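Colleague: final31.cif is the file, holding mmCIF, C-alpha atoms and all ligand atoms:
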```cif
data_coords
#
loop_
_atom_site.label_atom_id
_atom_site.label_comp_id
_atom_site.auth_asym_id
_atom_site.auth_seq_id
_atom_site.Cartn_x
_atom_site.Cartn_y
_atom_site.Cartn_z
CA MET A 218 -28.80 -22.73 -38.18
CA SER A 219 -26.78 -19.83 -36.75
CA GLN A 220 -23.89 -20.42 -34.37
CA THR A 221 -24.61 -19.83 -30.69
CA ALA A 222 -22.13 -18.55 -28.10
CA GLN A 223 -21.39 -20.41 -24.88
CA LEU A 224 -23.21 -18.81 -21.93
CA MET A 225 -21.17 -17.61 -18.95
CA ASP A 226 -23.16 -18.84 -15.98
CA GLY A 227 -22.81 -16.27 -13.21
CA THR A 228 -25.48 -17.89 -11.07
CA SER A 229 -23.60 -21.14 -10.51
CA LEU A 230 -20.19 -19.46 -10.14
CA ALA A 231 -21.65 -17.01 -7.60
CA ARG A 232 -23.17 -19.94 -5.69
CA ARG A 233 -19.77 -21.62 -5.49
CA ILE A 234 -18.07 -18.40 -4.34
CA VAL A 235 -20.69 -17.93 -1.62
CA GLU A 236 -20.31 -21.57 -0.52
CA GLN A 237 -16.55 -21.06 -0.22
CA ALA A 238 -17.14 -17.83 1.73
CA ALA A 239 -19.52 -19.70 4.06
CA ASP A 240 -16.93 -22.45 4.65
CA ARG A 241 -14.29 -19.85 5.42
CA ALA A 242 -16.65 -17.89 7.70
CA ALA A 243 -17.32 -21.08 9.67
CA GLU A 244 -13.58 -21.80 9.92
CA ILE A 245 -12.87 -18.25 11.16
CA SER A 246 -15.64 -18.57 13.72
CA ARG A 247 -14.28 -21.95 14.90
CA ARG A 248 -10.72 -20.64 15.18
CA THR A 249 -11.40 -17.24 16.75
CA GLY A 250 -14.85 -17.51 18.36
CA THR A 251 -16.02 -14.57 16.24
CA SER A 252 -17.91 -14.75 12.97
CA PRO A 253 -17.42 -12.14 10.23
CA CYS A 254 -19.66 -9.09 10.49
CA LEU A 255 -20.78 -6.72 7.72
CA ALA A 256 -22.25 -3.34 8.68
CA THR A 257 -24.79 -2.00 6.19
CA VAL A 258 -25.60 1.71 6.23
CA LEU A 259 -28.63 3.15 4.50
CA VAL A 260 -29.67 6.79 4.29
CA GLY A 261 -33.39 7.31 3.70
CA GLU A 262 -35.94 4.78 2.49
CA ASP A 263 -35.56 4.55 -1.28
CA PRO A 264 -37.45 1.30 -2.06
CA ALA A 265 -34.78 -0.10 -4.43
CA SER A 266 -32.00 0.60 -1.90
CA VAL A 267 -34.05 -0.96 0.92
CA THR A 268 -34.49 -4.09 -1.22
CA TYR A 269 -30.79 -4.27 -2.17
CA VAL A 270 -29.71 -3.99 1.48
CA ARG A 271 -32.27 -6.60 2.57
CA MET A 272 -30.98 -9.00 -0.13
CA LYS A 273 -27.37 -8.48 0.91
CA ARG A 274 -28.16 -9.05 4.60
CA SER A 275 -30.18 -12.16 3.83
CA ARG A 276 -27.32 -13.61 1.74
CA CYS A 277 -24.92 -12.82 4.59
CA ALA A 278 -27.12 -14.67 7.08
CA LYS A 279 -27.23 -17.75 4.82
CA ALA A 280 -23.43 -17.72 4.59
CA GLY A 281 -22.88 -17.44 8.37
CA ILE A 282 -21.84 -13.78 8.13
CA ARG A 283 -23.43 -11.51 10.73
CA SER A 284 -24.77 -8.15 9.64
CA ARG A 285 -25.50 -5.01 11.58
CA HIS A 286 -27.83 -2.52 9.97
CA ILE A 287 -27.76 1.22 10.55
CA ALA A 288 -30.68 3.18 9.06
CA LEU A 289 -30.27 6.94 8.98
CA PRO A 290 -33.18 9.25 8.11
CA ALA A 291 -33.28 10.95 4.70
CA THR A 292 -32.61 14.20 6.59
CA ALA A 293 -29.18 12.97 7.82
CA THR A 294 -26.29 15.31 7.07
CA THR A 295 -22.92 14.38 5.58
CA ALA A 296 -21.35 15.03 9.00
CA GLU A 297 -23.74 12.58 10.71
CA LEU A 298 -23.08 9.94 8.06
CA VAL A 299 -19.32 10.46 8.33
CA ASP A 300 -19.56 10.09 12.16
CA THR A 301 -21.50 6.82 11.77
CA LEU A 302 -18.94 5.41 9.30
CA THR A 303 -16.01 6.58 11.45
CA ASP A 304 -17.50 4.79 14.48
CA LEU A 305 -18.01 1.58 12.48
CA SER A 306 -14.46 1.84 11.14
CA ALA A 307 -13.17 1.92 14.72
CA ASP A 308 -15.45 -0.88 15.99
CA PRO A 309 -13.47 -4.14 16.32
CA ASP A 310 -16.65 -6.20 16.03
CA VAL A 311 -17.34 -4.89 12.50
CA HIS A 312 -15.12 -6.30 9.73
CA GLY A 313 -16.69 -4.87 6.58
CA ILE A 314 -18.74 -1.76 5.83
CA LEU A 315 -21.22 -1.26 3.01
CA LEU A 316 -22.67 2.21 2.43
CA GLN A 317 -25.64 1.70 0.12
CA HIS A 318 -25.54 4.34 -2.59
CA PRO A 319 -26.73 6.62 -4.10
CA CYS A 320 -27.22 8.29 -0.71
CA GLY A 321 -29.59 10.94 -1.96
CA PRO A 322 -29.36 14.67 -2.45
CA GLY A 323 -27.45 16.73 0.06
CA ILE A 324 -24.91 14.03 0.94
CA ASP A 325 -21.28 14.36 -0.13
CA GLU A 326 -20.80 10.70 -1.07
CA ARG A 327 -17.05 10.98 -1.58
CA ALA A 328 -16.61 12.39 1.94
CA ALA A 329 -18.74 9.54 3.30
CA PHE A 330 -16.86 6.80 1.40
CA GLU A 331 -13.52 8.14 2.62
CA ALA A 332 -14.68 7.71 6.25
CA ILE A 333 -14.63 3.93 5.66
CA ALA A 334 -11.37 2.37 6.90
CA PRO A 335 -9.59 0.84 3.87
CA GLU A 336 -9.28 -2.55 5.61
CA LYS A 337 -13.11 -2.61 5.96
CA ASP A 338 -13.85 -1.30 2.46
CA VAL A 339 -15.36 -4.56 1.20
CA ASP A 340 -17.42 -2.72 -1.44
CA GLY A 341 -14.25 -1.20 -2.94
CA VAL A 342 -15.38 2.42 -2.90
CA THR A 343 -12.52 4.33 -1.24
CA MET A 344 -9.76 6.17 -3.06
CA ARG A 345 -7.24 3.75 -1.58
CA SER A 346 -9.06 0.73 -2.97
CA PHE A 347 -9.35 2.49 -6.33
CA ALA A 348 -5.60 3.18 -6.34
CA ALA A 349 -4.84 -0.47 -5.51
CA MET A 350 -7.00 -1.53 -8.46
CA GLY A 351 -5.14 0.96 -10.66
CA PHE A 352 -1.72 -0.29 -9.58
CA GLY A 353 -2.76 -3.95 -9.83
CA LEU A 354 -1.99 -4.36 -6.14
CA PRO A 355 -3.91 -6.63 -3.76
CA GLY A 356 -6.83 -4.88 -2.12
CA PHE A 357 -10.59 -4.82 -2.14
CA VAL A 358 -12.08 -4.35 -5.58
CA SER A 359 -15.38 -2.78 -6.59
CA CYS A 360 -17.73 -5.74 -6.41
CA THR A 361 -19.19 -5.79 -9.94
CA PRO A 362 -15.79 -5.33 -11.66
CA GLY A 363 -14.38 -7.99 -9.32
CA GLY A 364 -17.22 -10.31 -10.31
CA ILE A 365 -16.55 -9.72 -14.01
CA MET A 366 -12.87 -10.63 -13.56
CA ARG A 367 -13.85 -13.81 -11.71
CA LEU A 368 -16.17 -14.78 -14.57
CA LEU A 369 -13.41 -14.19 -17.14
CA ARG A 370 -11.04 -16.32 -15.08
CA GLU A 371 -13.61 -19.08 -14.63
CA TYR A 372 -14.06 -19.36 -18.39
CA ASP A 373 -10.30 -19.26 -18.95
CA VAL A 374 -10.44 -16.12 -21.08
CA GLN A 375 -6.86 -15.23 -22.01
CA LEU A 376 -6.46 -11.46 -21.60
CA PRO A 377 -2.79 -10.64 -22.33
CA GLY A 378 -2.59 -8.73 -25.61
CA ARG A 379 -6.34 -8.91 -26.27
CA HIS A 380 -8.26 -5.75 -27.06
CA ALA A 381 -10.86 -5.07 -24.36
CA VAL A 382 -13.43 -2.34 -25.01
CA VAL A 383 -15.24 -1.05 -21.92
CA VAL A 384 -18.40 0.93 -22.70
CA GLY A 385 -19.08 3.15 -19.66
CA ARG A 386 -16.71 4.93 -17.29
CA SER A 387 -18.54 5.21 -13.96
CA PRO A 388 -16.33 5.14 -10.84
CA ILE A 389 -17.95 1.94 -9.52
CA LEU A 390 -18.06 -0.06 -12.73
CA GLY A 391 -16.60 1.11 -16.05
CA LYS A 392 -13.41 2.75 -14.80
CA PRO A 393 -12.37 0.04 -12.33
CA VAL A 394 -13.15 -2.87 -14.66
CA GLY A 395 -10.92 -1.24 -17.28
CA MET A 396 -8.17 -0.90 -14.70
CA LEU A 397 -8.46 -4.56 -13.71
CA LEU A 398 -8.37 -5.62 -17.38
CA LEU A 399 -5.27 -3.48 -17.87
CA ALA A 400 -3.63 -5.08 -14.82
CA ALA A 401 -4.36 -8.43 -16.49
CA ASP A 402 -2.43 -7.23 -19.58
CA ALA A 403 -5.35 -6.54 -21.91
CA THR A 404 -5.14 -3.51 -24.19
CA VAL A 405 -8.01 -1.38 -22.98
CA THR A 406 -10.19 1.20 -24.74
CA TYR A 407 -12.82 3.14 -22.78
CA CYS A 408 -15.97 4.41 -24.50
CA HIS A 409 -18.56 6.78 -23.05
CA SER A 410 -21.40 9.09 -24.01
CA ARG A 411 -19.08 11.40 -25.98
CA THR A 412 -17.34 8.62 -27.92
CA ALA A 413 -17.56 9.11 -31.68
CA ASP A 414 -18.59 6.04 -33.69
CA LEU A 415 -19.01 3.56 -30.85
CA SER A 416 -19.91 0.75 -33.28
CA SER A 417 -16.58 0.86 -35.11
CA ILE A 418 -14.64 0.65 -31.83
CA VAL A 419 -16.76 -2.22 -30.46
CA ARG A 420 -16.22 -4.10 -33.75
CA GLU A 421 -12.47 -4.21 -32.99
CA ALA A 422 -12.97 -5.76 -29.52
CA ASP A 423 -11.89 -9.24 -28.49
CA VAL A 424 -13.62 -8.59 -25.16
CA VAL A 425 -16.56 -6.19 -24.79
CA VAL A 426 -17.76 -5.01 -21.38
CA ALA A 427 -21.07 -3.14 -21.58
CA ALA A 428 -21.62 -0.97 -18.48
CA VAL A 429 -23.94 1.76 -19.62
CA GLY A 430 -27.56 1.39 -18.53
CA ARG A 431 -29.07 1.74 -22.05
CA PRO A 432 -31.20 -1.23 -23.16
CA ARG A 433 -29.71 -3.16 -26.11
CA LEU A 434 -27.25 -0.38 -27.00
CA ILE A 435 -24.69 -2.88 -28.33
CA ARG A 436 -26.00 -4.71 -31.38
CA GLY A 437 -24.97 -8.14 -32.55
CA ALA A 438 -23.76 -6.73 -35.89
CA ASP A 439 -21.04 -4.86 -33.95
CA ILE A 440 -19.69 -7.96 -32.20
CA LYS A 441 -16.52 -9.42 -33.72
CA PRO A 442 -17.12 -13.11 -34.42
CA GLY A 443 -15.88 -15.17 -31.46
CA ALA A 444 -15.59 -12.18 -29.07
CA VAL A 445 -16.25 -12.42 -25.33
CA VAL A 446 -19.26 -10.28 -24.41
CA ILE A 447 -19.85 -9.23 -20.80
CA ASP A 448 -23.13 -7.43 -20.22
CA ALA A 449 -23.15 -5.63 -16.85
CA GLY A 450 -26.18 -3.55 -17.79
CA TYR A 451 -29.41 -4.05 -15.94
CA ASN A 452 -32.40 -2.19 -17.30
CA PRO A 453 -36.10 -2.45 -16.44
CA GLY A 454 -37.62 -5.71 -17.67
CA ASN A 455 -34.39 -7.72 -17.18
CA ILE A 456 -32.87 -6.22 -20.33
CA GLY A 457 -29.14 -5.82 -20.69
CA ASP A 458 -27.04 -3.25 -22.54
CA VAL A 459 -26.34 -5.83 -25.24
CA ASP A 460 -28.93 -7.03 -27.74
CA PHE A 461 -28.60 -10.63 -26.60
CA ASP A 462 -30.55 -12.32 -29.41
CA THR A 463 -28.30 -10.94 -32.15
CA ALA A 464 -25.04 -10.94 -30.14
CA VAL A 465 -25.36 -14.59 -29.13
CA THR A 466 -25.10 -15.61 -32.80
CA ARG A 467 -21.68 -13.93 -33.18
CA ALA A 468 -19.96 -14.05 -29.77
CA GLY A 469 -17.81 -16.92 -28.53
CA LEU A 470 -18.81 -16.39 -24.89
CA ILE A 471 -21.59 -14.18 -23.55
CA THR A 472 -23.20 -13.39 -20.20
CA PRO A 473 -26.99 -13.65 -20.06
CA VAL A 474 -29.14 -11.02 -18.31
CA PRO A 475 -30.20 -12.01 -15.74
CA GLY A 476 -27.87 -14.75 -14.49
CA GLY A 477 -24.53 -13.41 -15.75
CA VAL A 478 -22.81 -10.49 -14.03
CA GLY A 479 -25.67 -9.70 -11.60
CA PRO A 480 -25.27 -12.58 -9.10
CA MET A 481 -21.49 -12.08 -9.01
CA THR A 482 -21.71 -8.69 -7.29
CA ILE A 483 -23.11 -9.93 -3.96
CA ALA A 484 -20.86 -13.01 -4.11
CA VAL A 485 -17.76 -10.80 -4.28
CA LEU A 486 -19.10 -8.62 -1.44
CA LEU A 487 -19.47 -11.68 0.79
CA ALA A 488 -16.07 -13.11 -0.18
CA GLN A 489 -14.38 -9.79 0.55
CA THR A 490 -16.18 -9.49 3.92
CA VAL A 491 -14.78 -12.87 4.90
CA ASP A 492 -11.31 -11.79 3.68
CA ALA A 493 -11.58 -8.64 5.80
CA ALA A 494 -12.58 -10.63 8.88
CA ALA A 495 -9.78 -13.15 8.32
CA HIS A 496 -7.25 -10.35 8.15
CA GLN A 497 -8.57 -8.41 11.16
CA LEU A 498 -8.97 -11.50 13.34
CA GLY A 499 -5.55 -12.84 12.39
CA ALA A 500 -7.13 -15.91 10.79
CA GLY A 501 -5.74 -15.71 7.27
CA HIS A 502 -4.53 -13.41 4.58
CA TRP A 503 -6.18 -10.25 3.36
CA ALA A 504 -7.86 -10.23 -0.03
CA LEU A 505 -7.42 -13.91 -0.80
CA SER A 506 -10.32 -13.57 -3.18
CA SER A 507 -8.93 -10.52 -4.94
CA PRO A 508 -8.96 -10.96 -8.71
CA THR A 509 -5.87 -8.75 -8.89
CA VAL A 510 -3.71 -11.16 -6.90
CA GLY A 511 -1.12 -12.53 -9.26
CA ALA A 512 -1.08 -9.44 -11.46
CA SER A 513 2.22 -7.64 -11.67
CA SER A 514 2.69 -5.12 -8.86
CA ARG A 515 4.32 -2.76 -11.35
CA ARG A 516 1.16 -2.19 -13.35
P1 LIG B 1 -23.70 5.29 -14.75
O1 LIG B 1 -22.99 5.79 -13.54
O2 LIG B 1 -24.95 5.95 -15.20
O3 LIG B 1 -22.64 5.31 -15.96
C1 LIG B 1 -23.05 5.03 -17.26
C2 LIG B 1 -21.89 5.19 -18.21
O4 LIG B 1 -22.35 4.91 -19.53
C3 LIG B 1 -21.30 6.60 -18.24
O5 LIG B 1 -19.90 6.53 -18.23
C4 LIG B 1 -21.83 7.19 -19.54
O6 LIG B 1 -20.92 8.08 -20.16
C5 LIG B 1 -21.93 5.95 -20.41
N1 LIG B 1 -22.92 6.14 -21.47
C6 LIG B 1 -24.16 6.64 -21.38
N2 LIG B 1 -24.77 6.65 -22.58
C7 LIG B 1 -23.87 6.15 -23.46
C8 LIG B 1 -23.90 5.90 -24.86
N3 LIG B 1 -24.98 6.16 -25.59
N4 LIG B 1 -22.81 5.36 -25.43
C9 LIG B 1 -21.71 5.07 -24.71
N5 LIG B 1 -21.63 5.28 -23.36
C10 LIG B 1 -22.70 5.80 -22.76
O7 LIG B 1 -24.08 3.75 -14.61
P2 LIG B 1 -23.34 2.56 -13.79
O8 LIG B 1 -23.64 2.70 -12.34
O9 LIG B 1 -21.94 2.38 -14.23
O10 LIG B 1 -24.23 1.33 -14.31
C11 LIG B 1 -24.23 0.94 -15.67
C12 LIG B 1 -25.18 -0.24 -15.84
O11 LIG B 1 -24.71 -1.33 -15.07
C13 LIG B 1 -26.62 0.02 -15.36
O12 LIG B 1 -27.51 -0.69 -16.20
C14 LIG B 1 -26.65 -0.58 -13.98
O13 LIG B 1 -27.94 -1.00 -13.59
C15 LIG B 1 -25.72 -1.75 -14.16
N6 LIG B 1 -25.07 -2.19 -12.91
C16 LIG B 1 -25.18 -3.50 -12.60
C17 LIG B 1 -24.60 -3.97 -11.44
C18 LIG B 1 -24.72 -5.42 -11.10
O14 LIG B 1 -24.58 -5.80 -9.98
N7 LIG B 1 -24.93 -6.25 -12.10
C19 LIG B 1 -23.90 -3.11 -10.59
C20 LIG B 1 -23.77 -1.78 -10.96
C21 LIG B 1 -24.37 -1.33 -12.12
P3 LIG B 1 -20.50 9.51 -19.51
O15 LIG B 1 -19.49 9.19 -18.46
O16 LIG B 1 -19.94 10.26 -20.67
O17 LIG B 1 -21.76 10.09 -18.95
#
```
Re-express the file's structure as structure tokens.

Modeller:
Amino acid sequence: MSQTAQLMDGTSLARRIVEQAADRAAEISRRTGTSPCLATVLVGEDPASVTYVRMKRSRCAKAGIRSRHIALPATATTAELVDTLTDLSADPDVHGILLQHPCGPGIDERAAFEAIAPEKDVDGVTMRSFAAMGFGLPGFVSCTPGGIMRLLREYDVQLPGRHAVVVGRSPILGKPVGMLLLAADATVTYCHSRTADLSSIVREADVVVAAVGRPRLIRGADIKPGAVVIDAGYNPGNIGDVDFDTAVTRAGLITPVPGGVGPMTIAVLLAQTVDAAAHQLGAGHWALSSPTVGASSRR
């Protein structure tokens, strides 16, 4: 019988993170009389985006985090969106801001993200948050990369000196997760659509992070025996970017799809919203849940 990797259970870790966030939200509310509040902003009515925002708001409600929803029409301009985000940034009753993206054609997303005050950037999308991730400084992380780092920590994966290969370089996932791995002293290689001979690079990896959006792109034959395999991909039909059935026979640790990285994203969003509220209401330290805390500030 072939060897089987240990599964990294994102569902139960995410549940614990949300429970801790709920406890902290209740404590903040008891101490200050104000409960944490996340503002969600949606442009247009894309069905997937509507569902994602509804899920996030419902998870907030269960954790004792208030949410305030602003729905802008698909015809909204960048200037209108920037005005909305600037107002929320200045509103003392809002502690975190989530701009659901993609925002649709005609919107300058970078201009919109930069209208979010860094201390309310609980989705980790501003240039300042990105820089903090790059320097290994405390700050709000992109939620999926933050969730991946929490999973690695939970399973006691030792990163210093290990070769981590990140497949994908998007600004919300591939690039920041590579930066967080680097801050944790891994030796990081990025791969992307122009990488020559992806297989041979993945074969060298002690840790593989697949963040592509191509079903079963990474085959088990390319996994080094005993490697840690993190599959952030989510393709139609609950299929990851890793061919799970063949990879599970070679990896040491592997995330399932679903139930691995997916649940961690909302958990980190909630934890960072509570951190933001604690900081703004003077009820604790900022970014207590940051996976970069403890990394050297020089990196
Ligand atoms: P994205 O913006 O489309 O980026 C995809 C990346 O993959 C790009 O850097 C692209 O390279 C690279 N790529 C494409 N084809 C490739 C190939 N054949 N070989 C190597 N690299 C290739 O996607 P994303 O937003 O980062 O999302 C990636 C996946 O993660 C998707 O399945 C998405 O659904 C999932 N995701 C999950 C969560 C979650 O909460 N679990 C959150 C976000 C995303 P170039 O840069 O050269 O184009």

Colleague: Of the residues A:Leu390, A:Ile324, A:Ala278, A:Met272, which is the one nearest to Thr295 (chain A), using only C-alpha atoms?

Modeller: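 Closest to Thr295 (chain A) of all the choices is A:Ile324.
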
Colleague: Around (-15.5, 7.4, 5.9) in the file's own coordinates, what residues are found within 10 Å if you use only C-alpha atoms, given back as a PyMOL selection string?

Modeller: chain A and resi 298-306+314+316+326-335+338+343

Colleague: Taking the point (-23.6, -16.5, -14.5) as given in the file, collect each protein or nucleic acid residue that comes within 8 Å of it, counting only C-alpha atoms, and present the set as a list in words.

Modeller: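 Residues found, by chain and rising number: Leu224, Met225, Asp226, Gly227, Thr228, Ser229, Leu230, Ala231, Leu368, Thr472, Pro473, Gly476, Gly477, Val478, Gly479, Pro480 and Met481 of chain A.
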
Colleague: What is the CA of Val235 (chain A)-CA of Gly501 (chain A) distance in Å, reported with one decimal?

Modeller: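 So the answer is 17.5 Å.
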
Colleague: For a quick check of understanding, using all atoms listed in the file, which of A:Ala296, A:Val382, A:Ile389, A:Ala349 has the smallest distance to ligand LIG 1 (chain B)?

Modeller: A:Ile389

Colleague: Any chance you could tabulate, as JSON lines, the residues of chain A at most 8 Å from ligand LIG 1 (chain B) with each one's nearest atom pair and distance in Å to one decimal, using all atoms listed in the file, in chain and rising number order?

Modeller:
```
{"residue": "A:Cys360", "atom": "CA", "partner": "B:LIG1", "partner_atom": "O14", "distance": 7.7}
{"residue": "A:Thr361", "atom": "CA", "partner": "B:LIG1", "partner_atom": "O14", "distance": 5.4}
{"residue": "A:Val384", "atom": "CA", "partner": "B:LIG1", "partner_atom": "N5", "distance": 5.5}
{"residue": "A:Gly385", "atom": "CA", "partner": "B:LIG1", "partner_atom": "O4", "distance": 3.7}
{"residue": "A:Arg386", "atom": "CA", "partner": "B:LIG1", "partner_atom": "O5", "distance": 3.7}
{"residue": "A:Ser387", "atom": "CA", "partner": "B:LIG1", "partner_atom": "O9", "distance": 4.4}
{"residue": "A:Pro388", "atom": "CA", "partner": "B:LIG1", "partner_atom": "O9", "distance": 7.1}
{"residue": "A:Ile389", "atom": "CA", "partner": "B:LIG1", "partner_atom": "O9", "distance": 6.2}
{"residue": "A:Leu390", "atom": "CA", "partner": "B:LIG1", "partner_atom": "O9", "distance": 4.8}
{"residue": "A:Gly391", "atom": "CA", "partner": "B:LIG1", "partner_atom": "O9", "distance": 5.8}
{"residue": "A:Cys408", "atom": "CA", "partner": "B:LIG1", "partner_atom": "C9", "distance": 5.8}
{"residue": "A:His409", "atom": "CA", "partner": "B:LIG1", "partner_atom": "N5", "distance": 3.4}
{"residue": "A:Ser410", "atom": "CA", "partner": "B:LIG1", "partner_atom": "C10", "distance": 3.8}
{"residue": "A:Arg411", "atom": "CA", "partner": "B:LIG1", "partner_atom": "O16", "distance": 5.5}
{"residue": "A:Thr412", "atom": "CA", "partner": "B:LIG1", "partner_atom": "C9", "distance": 6.5}
{"residue": "A:Leu415", "atom": "CA", "partner": "B:LIG1", "partner_atom": "N4", "distance": 6.9}
{"residue": "A:Ala427", "atom": "CA", "partner": "B:LIG1", "partner_atom": "C12", "distance": 7.6}
{"residue": "A:Ala428", "atom": "CA", "partner": "B:LIG1", "partner_atom": "C11", "distance": 4.3}
{"residue": "A:Val429", "atom": "CA", "partner": "B:LIG1", "partner_atom": "O4", "distance": 3.5}
{"residue": "A:Gly430", "atom": "CA", "partner": "B:LIG1", "partner_atom": "O12", "distance": 3.1}
{"residue": "A:Arg431", "atom": "CA", "partner": "B:LIG1", "partner_atom": "O12", "distance": 6.5}
{"residue": "A:Pro432", "atom": "CA", "partner": "B:LIG1", "partner_atom": "O12", "distance": 7.9}
{"residue": "A:Leu434", "atom": "CA", "partner": "B:LIG1", "partner_atom": "N3", "distance": 7.1}
{"residue": "A:Ala449", "atom": "CA", "partner": "B:LIG1", "partner_atom": "O11", "distance": 4.9}
{"residue": "A:Gly450", "atom": "CA", "partner": "B:LIG1", "partner_atom": "O12", "distance": 3.5}
{"residue": "A:Tyr451", "atom": "CA", "partner": "B:LIG1", "partner_atom": "O12", "distance": 3.9}
{"residue": "A:Asn452", "atom": "CA", "partner": "B:LIG1", "partner_atom": "O12", "distance": 5.2}
{"residue": "A:Gly457", "atom": "CA", "partner": "B:LIG1", "partner_atom": "O12", "distance": 7.0}
{"residue": "A:Asp458", "atom": "CA", "partner": "B:LIG1", "partner_atom": "O12", "distance": 6.9}
{"residue": "A:Val478", "atom": "CA", "partner": "B:LIG1", "partner_atom": "N7", "distance": 5.1}
{"residue": "A:Gly479", "atom": "CA", "partner": "B:LIG1", "partner_atom": "N7", "distance": 3.6}
{"residue": "A:Pro480", "atom": "CA", "partner": "B:LIG1", "partner_atom": "O14", "distance": 6.9}
{"residue": "A:Met481", "atom": "CA", "partner": "B:LIG1", "partner_atom": "O14", "distance": 7.1}
{"residue": "A:Thr482", "atom": "CA", "partner": "B:LIG1", "partner_atom": "O14", "distance": 4.9}
{"residue": "A:Ile483", "atom": "CA", "partner": "B:LIG1", "partner_atom": "O14", "distance": 7.4}
```

Colleague: Need to verify the contact set: Ile418 (chain A), 12 Å, only C-alpha atoms, exclusion of same-chain residues closer than 3 positions in sequence. Can you return it as a ChimeraX atom specification?

Modeller: /A:380-384,405-409,412-415,421-425,435,439-441

Colleague: Just checking: using only C-alpha atoms, which residue out of A:Leu354, A:Leu289, A:Leu376, A:Cys277 ends up closest to Gly313 (chain A)?

Modeller: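 Checking each candidate against Gly313 (chain A), we get A:Cys277 as the closest.
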
Colleague: Report as JSON lines: every residue of region 262-362 of chain A with an atom at most 7 Å from region 251-258 of chain A, its closest pair of atoms, and their distance in Å to one decimal, counting all atoms listed in the file, with rows sorted by chain and ascending residue number.

Modeller:
```
{"residue": "A:Ile282", "atom": "CA", "partner": "A:Pro253", "partner_atom": "CA", "distance": 5.2}
{"residue": "A:Arg283", "atom": "CA", "partner": "A:Cys254", "partner_atom": "CA", "distance": 4.5}
{"residue": "A:Ser284", "atom": "CA", "partner": "A:Leu255", "partner_atom": "CA", "distance": 4.7}
{"residue": "A:Arg285", "atom": "CA", "partner": "A:Ala256", "partner_atom": "CA", "distance": 4.7}
{"residue": "A:His286", "atom": "CA", "partner": "A:Thr257", "partner_atom": "CA", "distance": 4.9}
{"residue": "A:Ile287", "atom": "CA", "partner": "A:Val258", "partner_atom": "CA", "distance": 4.9}
{"residue": "A:Ala288", "atom": "CA", "partner": "A:Val258", "partner_atom": "CA", "distance": 6.0}
{"residue": "A:Asp310", "atom": "CA", "partner": "A:Cys254", "partner_atom": "CA", "distance": 6.9}
{"residue": "A:Val311", "atom": "CA", "partner": "A:Cys254", "partner_atom": "CA", "distance": 5.2}
{"residue": "A:His312", "atom": "CA", "partner": "A:Cys254", "partner_atom": "CA", "distance": 5.4}
{"residue": "A:Gly313", "atom": "CA", "partner": "A:Leu255", "partner_atom": "CA", "distance": 4.6}
{"residue": "A:Ile314", "atom": "CA", "partner": "A:Ala256", "partner_atom": "CA", "distance": 4.8}
{"residue": "A:Leu315", "atom": "CA", "partner": "A:Thr257", "partner_atom": "CA", "distance": 4.8}
{"residue": "A:Leu316", "atom": "CA", "partner": "A:Val258", "partner_atom": "CA", "distance": 4.8}
{"residue": "A:Gln317", "atom": "CA", "partner": "A:Val258", "partner_atom": "CA", "distance": 6.1}
```

Colleague: Find, counting only C-alpha atoms, the residue in A:Val465, A:Val474, A:Leu259, A:Val446 that gets nearest to Thr292 (chain A).

Modeller: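 So, comparing all the options, the nearest one is A:Leu259.
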
Colleague: Could you jot down the CA of Phe461 (chain A) to CA of Thr404 (chain A) separation for me, Å, one decimal place?

Modeller: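 If I compute the distance from CA of Phe461 (chain A) to CA of Thr404 (chain A), I get 24.6 Å.
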
Colleague: Using only C-alpha atoms, which of A:Pro362, A:Gly353, A:Gly250, A:Gly437 sits nearest Ala401 (chain A)?

Modeller: A:Gly353

Colleague: For Arg379 (chain A), which of A:Ala403, A:Lys273, A:Ala307, A:Ala500 is the closest residue, counting only C-alpha atoms?

Modeller: A:Ala403

Colleague: Please rebuild region 392-399 of chain A with N, CA and C atoms and give the result as a PDB file, keeping the file's coordinate frame.

Modeller:
```
ATOM      1  N   LYS A 392     -14.829   2.419 -15.032  1.00  0.00           N
ATOM      2  CA  LYS A 392     -13.410   2.750 -14.800  1.00  0.00           C
ATOM      3  C   LYS A 392     -12.653   1.616 -14.118  1.00  0.00           C
ATOM      4  N   PRO A 393     -13.153   1.102 -12.977  1.00  0.00           N
ATOM      5  CA  PRO A 393     -12.370   0.040 -12.330  1.00  0.00           C
ATOM      6  C   PRO A 393     -12.257  -1.243 -13.152  1.00  0.00           C
ATOM      7  N   VAL A 394     -13.300  -1.621 -13.896  1.00  0.00           N
ATOM      8  CA  VAL A 394     -13.150  -2.870 -14.660  1.00  0.00           C
ATOM      9  C   VAL A 394     -12.085  -2.688 -15.734  1.00  0.00           C
ATOM     10  N   GLY A 395     -11.985  -1.486 -16.309  1.00  0.00           N
ATOM     11  CA  GLY A 395     -10.920  -1.240 -17.280  1.00  0.00           C
ATOM     12  C   GLY A 395      -9.547  -1.332 -16.633  1.00  0.00           C
ATOM     13  N   MET A 396      -9.458  -0.835 -15.399  1.00  0.00           N
ATOM     14  CA  MET A 396      -8.170  -0.900 -14.700  1.00  0.00           C
ATOM     15  C   MET A 396      -7.770  -2.345 -14.386  1.00  0.00           C
ATOM     16  N   LEU A 397      -8.755  -3.155 -14.013  1.00  0.00           N
ATOM     17  CA  LEU A 397      -8.460  -4.560 -13.710  1.00  0.00           C
ATOM     18  C   LEU A 397      -8.077  -5.316 -14.989  1.00  0.00           C
ATOM     19  N   LEU A 398      -8.722  -4.986 -16.095  1.00  0.00           N
ATOM     20  CA  LEU A 398      -8.370  -5.620 -17.380  1.00  0.00           C
ATOM     21  C   LEU A 398      -6.958  -5.225 -17.797  1.00  0.00           C
ATOM     22  N   LEU A 399      -6.621  -3.954 -17.544  1.00  0.00           N
ATOM     23  CA  LEU A 399      -5.270  -3.480 -17.870  1.00  0.00           C
ATOM     24  C   LEU A 399      -4.223  -4.209 -17.013  1.00  0.00           C
TER      25      LEU A 399
END
```
